$ cat query_9.txt   # compact mmCIF, C-alpha atoms and all ligand atoms
# COMPACT_ATOMS: atom_id res chain seq x y z
CA MET T 1 0.00 0.00 0.00
CA ASP T 2 1.15 3.51 -0.79
CA GLU T 3 2.75 4.86 2.43
CA ILE T 4 0.72 8.08 2.37
CA GLN T 5 -2.55 6.07 2.04
CA ARG T 6 -2.07 3.78 5.00
CA ALA T 7 -3.32 4.67 8.45
CA PRO T 8 -0.73 5.44 11.13
CA THR T 9 0.02 2.63 13.59
CA SER T 10 -0.71 3.02 17.32
CA GLU T 11 3.02 3.54 17.88
CA GLU T 12 3.09 6.33 15.31
CA LEU T 13 0.00 7.89 16.88
CA LYS T 14 1.75 7.88 20.26
CA ASN T 15 4.33 10.17 18.73
CA PHE T 16 1.71 12.79 17.80
CA GLU T 17 3.34 16.07 18.79
CA PHE T 18 0.90 18.50 20.34
CA ILE T 19 0.99 22.08 19.02
CA GLN T 20 -2.19 23.76 20.22
CA VAL T 21 -5.87 23.42 21.12
CA LEU T 22 -7.94 24.72 18.21
CA ASN T 23 -11.32 24.52 19.91
CA GLU T 24 -13.03 22.85 22.86
CA ASP T 25 -16.57 22.53 24.11
CA PRO T 26 -17.38 21.29 27.62
CA ARG T 27 -21.06 20.77 26.73
CA THR T 28 -20.32 18.24 24.00
CA LYS T 29 -17.10 17.04 25.70
CA THR T 30 -15.19 17.57 22.50
CA ALA T 31 -11.83 19.12 21.72
CA ASN T 32 -9.98 19.74 18.46
CA ILE T 33 -6.22 19.72 18.71
CA LEU T 34 -3.49 20.48 16.23
CA GLY T 35 -0.19 18.64 16.14
CA LYS T 36 2.41 17.05 13.93
CA LEU T 37 2.49 13.40 12.90
CA LYS T 38 4.85 11.35 10.77
CA PHE T 39 5.37 7.78 9.63
CA SER T 40 8.19 6.17 11.60
CA SER T 41 10.00 5.54 8.30
CA SER T 42 9.89 9.23 7.36
CA GLU T 43 11.72 12.36 8.44
CA VAL T 44 8.85 14.66 7.50
CA SER T 45 6.11 15.56 9.96
CA GLN T 46 2.85 16.91 8.63
CA ASP T 47 0.06 18.85 10.30
CA ALA T 48 -2.52 16.60 11.92
CA ILE T 49 -5.82 17.42 13.61
CA LEU T 50 -7.43 15.23 16.26
CA LEU T 51 -11.18 15.71 16.76
CA LEU T 52 -11.76 14.16 20.18
CA GLU T 53 -15.05 13.26 21.78
CA LYS T 54 -15.61 11.62 25.18
CA LEU T 55 -18.26 8.95 24.73
CA HIS T 56 -21.18 8.60 27.07
CA PHE T 57 -22.27 5.48 28.96
CA GLY T 58 -24.00 2.97 26.70
CA SER T 59 -27.33 1.49 27.80
CA GLN T 60 -25.77 -2.00 28.05
CA GLU T 61 -23.02 -0.71 30.30
CA LEU T 62 -25.26 0.91 32.88
CA PRO T 63 -26.67 -2.24 34.54
CA ILE T 64 -23.15 -3.57 35.15
CA LEU T 65 -21.53 -0.24 35.91
CA SER T 66 -20.72 -0.73 39.57
CA LYS T 67 -19.95 -4.47 39.35
CA GLU T 68 -17.81 -4.49 36.20
CA ARG T 69 -17.07 -1.11 34.75
CA ILE T 70 -15.94 1.00 37.68
CA LEU T 71 -12.40 0.20 38.68
CA GLN T 72 -12.03 2.80 41.39
CA TRP T 73 -14.27 5.20 43.28
CA ILE T 74 -12.39 8.26 44.51
CA ALA T 75 -14.33 9.98 47.28
CA THR T 76 -14.09 13.77 46.99
CA ASP T 77 -16.59 15.10 49.57
CA LYS T 78 -19.91 14.54 51.36
CA ASN T 79 -22.75 16.57 52.84
CA ASP T 80 -25.57 14.85 54.72
CA ILE T 81 -27.03 12.27 52.29
CA TYR T 82 -24.98 13.59 49.34
CA HIS T 83 -21.70 11.86 48.52
CA TRP T 84 -19.37 12.87 45.70
CA TYR T 85 -16.87 10.74 43.81
CA ASN T 86 -14.69 10.81 40.79
CA GLY T 87 -14.26 7.50 39.07
CA LEU T 88 -11.91 5.46 36.97
CA LEU T 89 -13.27 2.91 34.52
CA THR T 90 -11.83 -0.47 33.65
CA LYS T 91 -10.18 -0.85 30.28
CA ASN T 92 -12.57 -2.61 27.93
CA GLU T 93 -12.37 -2.48 24.13
CA LYS T 94 -16.11 -3.12 23.95
CA TRP T 95 -16.71 0.21 25.68
CA PRO T 96 -14.16 2.75 24.49
CA ASP T 97 -13.75 5.96 26.47
CA PHE T 98 -13.45 8.34 23.58
CA LYS T 99 -13.72 8.60 19.81
CA VAL T 100 -11.25 10.34 17.55
CA THR T 101 -11.24 11.54 13.97
CA LEU T 102 -7.70 12.11 12.74
CA ILE T 103 -7.31 14.44 9.76
CA TRP T 104 -3.84 13.89 8.34
CA PRO T 105 -2.26 15.52 6.49
CA ALA T 106 -4.44 18.49 7.47
CA THR T 107 -4.53 21.54 5.22
CA GLU T 108 -4.73 25.20 6.23
CA ALA T 109 -8.43 25.04 5.33
CA HIS T 110 -8.97 22.21 7.85
CA ILE T 111 -7.09 24.12 10.56
CA ARG T 112 -9.24 27.21 9.94
CA LYS T 113 -12.44 25.16 9.87
CA TYR T 114 -11.82 23.36 13.17
CA SER T 115 -10.56 26.46 15.03
CA SER T 116 -12.69 28.47 17.40
CA GLN T 117 -13.74 31.67 15.63
CA PRO T 118 -16.31 34.48 15.81
CA ARG T 119 -19.44 33.67 13.80
CA TYR T 120 -21.85 35.95 11.97
CA LEU T 121 -25.28 35.61 10.39
CA ILE T 122 -25.26 36.23 6.65
CA ARG T 123 -28.19 36.91 4.31
CA GLU T 124 -27.36 35.32 0.97
CA THR T 125 -29.53 36.74 -1.83
CA PRO T 126 -29.72 34.94 -5.22
CA HIS T 127 -27.44 37.68 -6.56
CA ILE T 128 -24.82 37.06 -3.85
CA TYR T 129 -25.06 33.36 -4.61
CA GLU T 130 -24.50 33.86 -8.33
CA THR T 131 -21.68 36.38 -8.03
CA ILE T 132 -19.76 35.19 -4.95
CA VAL T 133 -20.78 31.79 -3.67
CA LYS T 134 -21.21 29.89 -6.95
CA PRO T 135 -17.80 30.96 -8.31
CA TYR T 136 -16.30 29.98 -4.96
CA ILE T 137 -17.94 26.53 -5.12
CA GLU T 138 -16.67 26.10 -8.67
CA SER T 139 -13.15 27.00 -7.56
CA ILE T 140 -12.97 24.29 -4.87
CA PRO T 141 -10.57 21.55 -6.01
CA PRO T 142 -12.35 18.22 -6.53
CA SER T 143 -9.87 16.66 -4.09
CA ARG T 144 -11.89 18.26 -1.23
CA ILE T 145 -14.62 15.67 -1.87
CA GLN T 146 -12.33 12.77 -2.62
CA TRP T 147 -13.73 11.02 0.45
CA VAL T 148 -17.22 11.19 -1.13
CA TYR T 149 -16.00 9.68 -4.40
CA ASN T 150 -14.17 6.97 -2.45
CA ILE T 151 -17.45 6.02 -0.79
CA LEU T 152 -19.41 6.05 -4.06
CA ALA T 153 -16.72 3.92 -5.74
CA LYS T 154 -16.64 1.58 -2.68
CA GLU T 155 -12.96 2.29 -2.23
CA SER T 156 -13.43 3.50 1.35
CA GLU T 157 -15.88 2.60 4.11
CA ALA T 158 -17.41 -0.08 1.84
CA GLU T 159 -18.08 -2.40 4.77
CA ARG T 160 -19.95 0.41 6.57
CA ILE T 161 -22.54 0.88 3.80
CA LEU T 162 -26.00 0.25 5.22
CA LEU T 163 -28.13 0.73 2.13
CA GLU T 164 -27.46 1.37 -1.52
CA VAL T 165 -29.93 2.28 -4.22
CA GLU T 166 -28.00 1.99 -7.44
CA GLU T 167 -30.31 3.92 -9.77
CA GLU T 168 -28.40 6.70 -11.56
CA SER T 169 -30.63 9.72 -11.01
CA THR T 170 -32.41 8.80 -7.76
CA GLY T 171 -29.84 6.45 -6.22
CA PHE T 172 -27.70 6.96 -3.12
CA ILE T 173 -25.54 5.29 -0.51
CA LEU T 174 -26.52 5.44 3.18
CA LEU T 175 -23.79 4.93 5.80
CA PRO T 176 -22.82 6.11 9.30
CA ASP T 177 -21.58 9.68 9.44
CA MET T 178 -18.00 9.83 10.72
CA LYS T 179 -19.31 11.64 13.81
CA TRP T 180 -21.39 8.63 14.98
CA ASP T 181 -19.90 5.99 17.29
CA THR T 182 -22.18 3.48 15.41
CA VAL T 183 -23.42 2.04 18.69
CA THR T 184 -25.46 4.61 20.61
CA LEU T 185 -28.91 4.76 18.97
CA GLU T 186 -29.86 8.02 20.71
CA SER T 187 -27.01 9.73 18.90
CA LEU T 188 -27.62 7.93 15.58
CA TYR T 189 -26.10 9.93 12.75
CA LEU T 190 -26.16 8.67 9.17
CA VAL T 191 -25.44 10.37 5.90
CA ALA T 192 -27.01 9.61 2.51
CA ILE T 193 -24.76 10.50 -0.41
CA VAL T 194 -26.42 10.69 -3.83
CA HIS T 195 -24.86 8.92 -6.80
CA ARG T 196 -25.39 11.77 -9.26
CA LYS T 197 -22.65 14.35 -9.35
CA ASP T 198 -24.56 17.32 -10.76
CA VAL T 199 -26.17 18.54 -7.54
CA ARG T 200 -23.73 20.41 -5.35
CA CYS T 201 -26.02 21.94 -2.78
CA ILE T 202 -29.56 23.08 -2.03
CA ARG T 203 -29.21 25.98 -4.50
CA ASP T 204 -29.00 23.48 -7.41
CA LEU T 205 -32.30 21.81 -6.52
CA ASN T 206 -35.46 22.25 -8.60
CA ASP T 207 -38.63 20.27 -9.24
CA THR T 208 -36.80 17.79 -11.48
CA HIS T 209 -35.05 16.56 -8.34
CA LEU T 210 -38.30 15.72 -6.54
CA PRO T 211 -38.09 12.01 -7.48
CA LEU T 212 -34.59 11.91 -5.97
CA LEU T 213 -35.59 13.69 -2.77
CA LYS T 214 -38.78 11.66 -2.32
CA ASN T 215 -36.98 8.39 -3.01
CA LEU T 216 -34.35 9.24 -0.43
CA ARG T 217 -36.98 10.14 2.14
CA ARG T 218 -39.12 7.05 1.59
CA GLN T 219 -36.27 4.55 1.47
CA ILE T 220 -34.47 5.94 4.52
CA LEU T 221 -37.62 6.15 6.64
CA GLN T 222 -38.46 2.55 5.72
CA PHE T 223 -34.98 1.15 6.11
CA VAL T 224 -33.62 2.72 9.29
CA PRO T 225 -36.37 1.45 11.68
CA GLN T 226 -35.88 -2.06 10.23
CA LYS T 227 -32.14 -1.89 10.64
CA TYR T 228 -32.28 -0.43 14.15
CA PRO T 229 -35.33 -1.87 15.94
CA GLY T 230 -36.54 0.59 18.52
CA VAL T 231 -35.94 3.59 16.28
CA ARG T 232 -39.18 4.86 14.73
CA SER T 233 -39.49 6.75 11.45
CA ASP T 234 -40.99 9.70 13.34
CA GLU T 235 -37.81 9.92 15.43
CA LEU T 236 -35.61 10.59 12.43
CA ARG T 237 -34.63 14.06 11.36
CA LEU T 238 -33.68 14.28 7.68
CA PHE T 239 -31.99 17.53 6.72
CA VAL T 240 -29.50 19.24 4.46
CA HIS T 241 -26.86 21.79 5.42
CA TYR T 242 -26.51 25.17 3.81
CA LEU T 243 -23.74 26.11 3.61
CA PRO T 244 -22.46 22.53 3.62
CA SER T 245 -18.79 21.70 4.13
CA TYR T 246 -18.74 19.45 1.06
CA TYR T 247 -20.37 20.35 -2.23
CA HIS T 248 -21.77 17.02 -3.36
CA PHE T 249 -25.42 16.60 -2.43
CA HIS T 250 -25.99 14.60 0.76
CA VAL T 251 -28.70 14.31 3.39
CA HIS T 252 -28.10 14.06 7.14
CA VAL T 253 -30.17 11.51 9.11
CA THR T 254 -30.14 11.88 12.87
CA HIS T 255 -32.10 10.63 15.87
CA LEU T 256 -34.38 13.26 17.44
CA ARG T 257 -32.52 12.85 20.72
CA ASN T 258 -29.27 13.80 19.03
CA ASP T 259 -30.28 17.41 19.47
CA THR T 260 -27.05 19.22 20.33
CA ILE T 261 -25.47 21.72 17.98
CA ALA T 262 -22.81 19.05 17.36
CA GLY T 263 -25.73 17.03 15.97
CA GLY T 264 -25.69 19.46 13.05
CA ILE T 265 -29.27 20.60 13.57
CA ALA T 266 -28.71 24.29 14.31
CA ILE T 267 -31.19 26.71 12.80
CA ALA T 268 -29.58 28.86 10.04
CA LYS T 269 -27.69 25.74 8.98
CA ALA T 270 -30.07 22.76 8.77
CA TYR T 271 -32.94 22.64 6.24
CA LEU T 272 -35.51 19.88 6.77
CA LEU T 273 -35.84 17.55 3.79
CA ASP T 274 -39.64 17.63 4.16
CA ASP T 275 -39.63 21.42 3.87
CA ILE T 276 -37.37 21.31 0.83
CA ILE T 277 -39.74 18.87 -0.90
CA GLU T 278 -42.76 20.96 0.03
CA ASN T 279 -41.16 24.21 -1.18
CA LEU T 280 -40.26 22.72 -4.56
CA GLU T 281 -43.52 20.86 -5.04
CA ARG T 282 -46.16 23.21 -3.67
CA PHE T 283 -44.64 26.67 -4.04
CA THR T 284 -42.06 27.30 -6.74
CA LYS T 285 -40.16 24.78 -8.78
CA ASP T 286 -37.06 26.99 -8.58
CA TYR T 287 -37.59 28.00 -4.95
CA TYR T 288 -33.92 27.63 -4.04
CA LYS T 289 -32.79 29.76 -6.97
CA ARG T 290 -35.07 32.57 -5.82
CA ALA T 291 -34.79 32.38 -2.06
CA THR T 292 -32.63 34.53 0.18
CA LEU T 293 -31.00 32.15 2.62
CA THR T 294 -29.72 33.05 6.07
CA TYR T 295 -26.81 31.14 7.54
CA VAL T 296 -23.94 31.31 9.97
CA LEU T 297 -20.46 31.98 8.66
CA GLY T 298 -17.26 31.77 10.69
CA GLU T 299 -14.63 34.46 10.33
CA ASN T 300 -12.14 31.85 9.07
CA ASP T 301 -14.43 30.72 6.26
CA PRO T 302 -12.95 31.50 2.82
CA LEU T 303 -16.21 33.31 1.93
CA PHE T 304 -16.23 35.56 4.97
CA SER T 305 -14.14 38.50 3.83
CA GLN T 306 -16.09 38.94 0.58
CA MET T 307 -19.40 38.69 2.44
CA ASN T 308 -18.17 41.23 4.94
CA ASP T 309 -16.99 43.60 2.19
CA ILE T 310 -20.35 43.64 0.41
CA GLY T 311 -22.32 44.12 3.65
CA ALA T 312 -24.07 40.72 3.66
CA ARG T 313 -23.95 40.46 7.47
CA VAL T 314 -27.37 40.76 9.11
CA THR T 315 -28.23 44.27 10.29
CA PRO T 316 -31.54 45.71 11.53
CA ASP T 317 -32.03 47.42 8.14
CA ILE T 318 -31.49 44.51 5.77
CA LEU T 319 -34.23 41.98 5.10
O1 LIG T 401 -21.96 20.18 6.53
P1 LIG T 401 -22.06 19.07 5.57
O2 LIG T 401 -23.50 18.86 5.12
O3 LIG T 401 -21.14 19.18 4.38
O4 LIG T 401 -21.67 17.77 6.39
C1 LIG T 401 -20.90 16.71 5.87
C2 LIG T 401 -21.05 15.51 6.80
O5 LIG T 401 -20.20 14.47 6.32
C3 LIG T 401 -20.64 15.79 8.24
O6 LIG T 401 -21.70 15.42 9.10
C4 LIG T 401 -19.38 14.96 8.42
O7 LIG T 401 -19.26 14.45 9.74
C5 LIG T 401 -19.54 13.85 7.40
N1 LIG T 401 -18.26 13.35 6.91
C6 LIG T 401 -17.19 14.10 6.56
N2 LIG T 401 -16.19 13.27 6.14
C7 LIG T 401 -14.90 13.72 5.69
C8 LIG T 401 -16.64 11.99 6.20
C9 LIG T 401 -16.06 10.72 5.89
O8 LIG T 401 -14.91 10.58 5.43
N3 LIG T 401 -16.86 9.63 6.09
C10 LIG T 401 -18.13 9.73 6.59
N4 LIG T 401 -18.82 8.61 6.79
N5 LIG T 401 -18.71 10.92 6.90
C11 LIG T 401 -17.97 12.04 6.70
$ encode --input "query_9.txt" --output "structure tokens" --more "lines below"
Ligand code: G7M
Amino acid sequence: MDEIQRAPTSEELKNFEFIQVLNEDPRTKTANILGKLKFSSSEVSQDAILLLEKLHFGSQELPILSKERILQWIATDKNDIYHWYNGLLTKNEKWPDFKVTLIWPATEAHIRKYSSQPRYLIRETPHIYETIVKPYIESIPPSRIQWVYNILAKESEAERILLEVEEESTGFILLPDMKWDTVTLESLYLVAIVHRKDVRCIRDLNDTHLPLLKNLRRQILQFVPQKYPGVRSDELRLFVHYLPSYYHFHVHVTHLRNDTIAGGIAIAKAYLLDDIIENLERFTKDYYKRATLTYVLGENDPLFSQMNDIGARVTPDIL
């Protein structure tokens, strides 16, 4: 295997050299850190980002928590009937303590994206889309969505595919999103990636895409409750991001209880698939060409300075 393609070994990961914390969030128990990583056979270190998330207790762990999982109770204080402890868990591969996404080699764009930054609400008119955003999307090198093409070509994550509909114009692949631990149903997070390559984002959608959108909706709502008994179709949130991070059309599928911002569902970011279908079918077939869309943009986003220059940030006077 090409050296650059293979994953680092545990030994190589141990030699990750910490540079700085890019972002951290105590609510979601996540942290993004920047460092340097290299293959042991190489002299050259490259930027690497670790996206860390502490996992919560799984429902199968809880009944055996005190008997099997807790290695040590460390008493910290007490007051009347209230007793406080910190705890250490046993090592058990079945129940990992945390989940990591390693991005390596990481580009400047990744470092900017995963860094804490001020955020602003933007009003994107059709004119701003045509003159600023669309040219930007067209300038993004196709390598940014290589991971998507790897999935569609079954060159990566093939064994994680849950459902594939092969049809050219309405087909898609459904698989776990990289953010999901693939175990905890309450935080279920799947992503459906369409086979066709001509839809980059919500702005490209019109009524000719209704068969695609409806097929996605029907198949996912039928399949997921069968695959994960206990999850009902009315507990699944199907939505699309605008702006997305990756400009190849995909739909997010999450459990209703996965309702943190990290669950991708923030308003001014997530558009419900049902609303998209309704807008295209009942209102205007080119709704998303004509709509002004409001979204959050971080200061590090490549689009931010242009948006700032033309006054697209929300003010009391602009609507
Ligand atoms: O914001 P946007 O709609 O572009 O979200 C893209 C989604 O794709 C996010 O929820 C990511 O967690 C997910 N994702 C990104 N990458 C690079 C991968 C990947 O390599 N594999 C999988 N399964 N999901 C990914």
$ atom_distance --input "query_9.txt" --atom1 "CA of Ser139 (chain T)" --atom2 "atom O2 of ligand LIG 401 (chain T)"
18.3 Å
$ atom_distance --input "query_9.txt" --atom1 "CA of Arg232 (chain T)" --atom2 "CA of Val253 (chain T)"
12.5 Å
$ closest_residue --input "query_9.txt" --among "T:Ala75, T:Val296, T:Ile140, T:Ala270" --to "ligand LIG 401 (chain T)" --atoms "all atoms listed in the file"
T:Ala270
$ residues_around --input "query_9.txt" --residues "Lys289 (chain T)" --least-positions-apart "6" --cutoff "8 Å" --atoms "all atoms listed in the file" --output "list in words"
Pro126, Arg203, Asp204 and Leu205 of chain T
$ residues_near_ligand --input "query_9.txt" --ligand "ligand LIG 401 (chain T)" --cutoff "10 Å" --atoms "only C-alpha atoms and all ligand atoms" --output "VMD selection string"
chain T and resid 101 103 144 to 151 156 to 157 160 to 161 174 to 180 189 to 193 201 239 to 254 262 to 264 269 to 270
$ decode --input "query_9.txt" --residues "region 264-277 of chain T" --atoms "N, CA and C atoms" --output "short mmCIF file (atom, residue, chain, number, x, y, z; two decimals), in the first residue's frame"
data_model
loop_
_atom_site.label_atom_id
_atom_site.label_comp_id
_atom_site.auth_asym_id
_atom_site.auth_seq_id
_atom_site.Cartn_x
_atom_site.Cartn_y
_atom_site.Cartn_z
N GLY T 264 -25.53 18.84 14.37
CA GLY T 264 -25.69 19.46 13.05
C GLY T 264 -27.04 20.09 12.78
N ILE T 265 -27.88 20.21 13.84
CA ILE T 265 -29.27 20.60 13.57
C ILE T 265 -29.53 22.09 13.80
N ALA T 266 -28.50 22.88 13.97
CA ALA T 266 -28.71 24.29 14.31
C ALA T 266 -29.55 25.00 13.24
N ILE T 267 -30.42 25.87 13.71
CA ILE T 267 -31.19 26.71 12.80
C ILE T 267 -30.18 27.65 12.10
N ALA T 268 -30.50 28.08 10.89
CA ALA T 268 -29.58 28.86 10.04
C ALA T 268 -28.41 27.99 9.61
N LYS T 269 -28.68 26.71 9.44
CA LYS T 269 -27.69 25.74 8.98
C LYS T 269 -28.40 24.52 8.40
N ALA T 270 -29.40 24.01 9.16
CA ALA T 270 -30.07 22.76 8.77
C ALA T 270 -31.42 23.06 8.14
N TYR T 271 -31.67 22.49 6.97
CA TYR T 271 -32.94 22.64 6.24
C TYR T 271 -33.60 21.28 6.18
N LEU T 272 -34.83 21.17 6.73
CA LEU T 272 -35.51 19.88 6.77
C LEU T 272 -35.83 19.39 5.36
N LEU T 273 -35.56 18.11 5.11
CA LEU T 273 -35.84 17.55 3.79
C LEU T 273 -37.33 17.70 3.44
N ASP T 274 -38.20 17.50 4.42
CA ASP T 274 -39.64 17.63 4.16
C ASP T 274 -39.99 19.04 3.68
N ASP T 275 -39.35 20.04 4.28
CA ASP T 275 -39.63 21.42 3.87
C ASP T 275 -39.10 21.69 2.47
N ILE T 276 -37.95 21.11 2.16
CA ILE T 276 -37.37 21.31 0.83
C ILE T 276 -38.33 20.73 -0.22
N ILE T 277 -38.82 19.51 0.04
CA ILE T 277 -39.74 18.87 -0.90
C ILE T 277 -40.99 19.72 -1.06
#
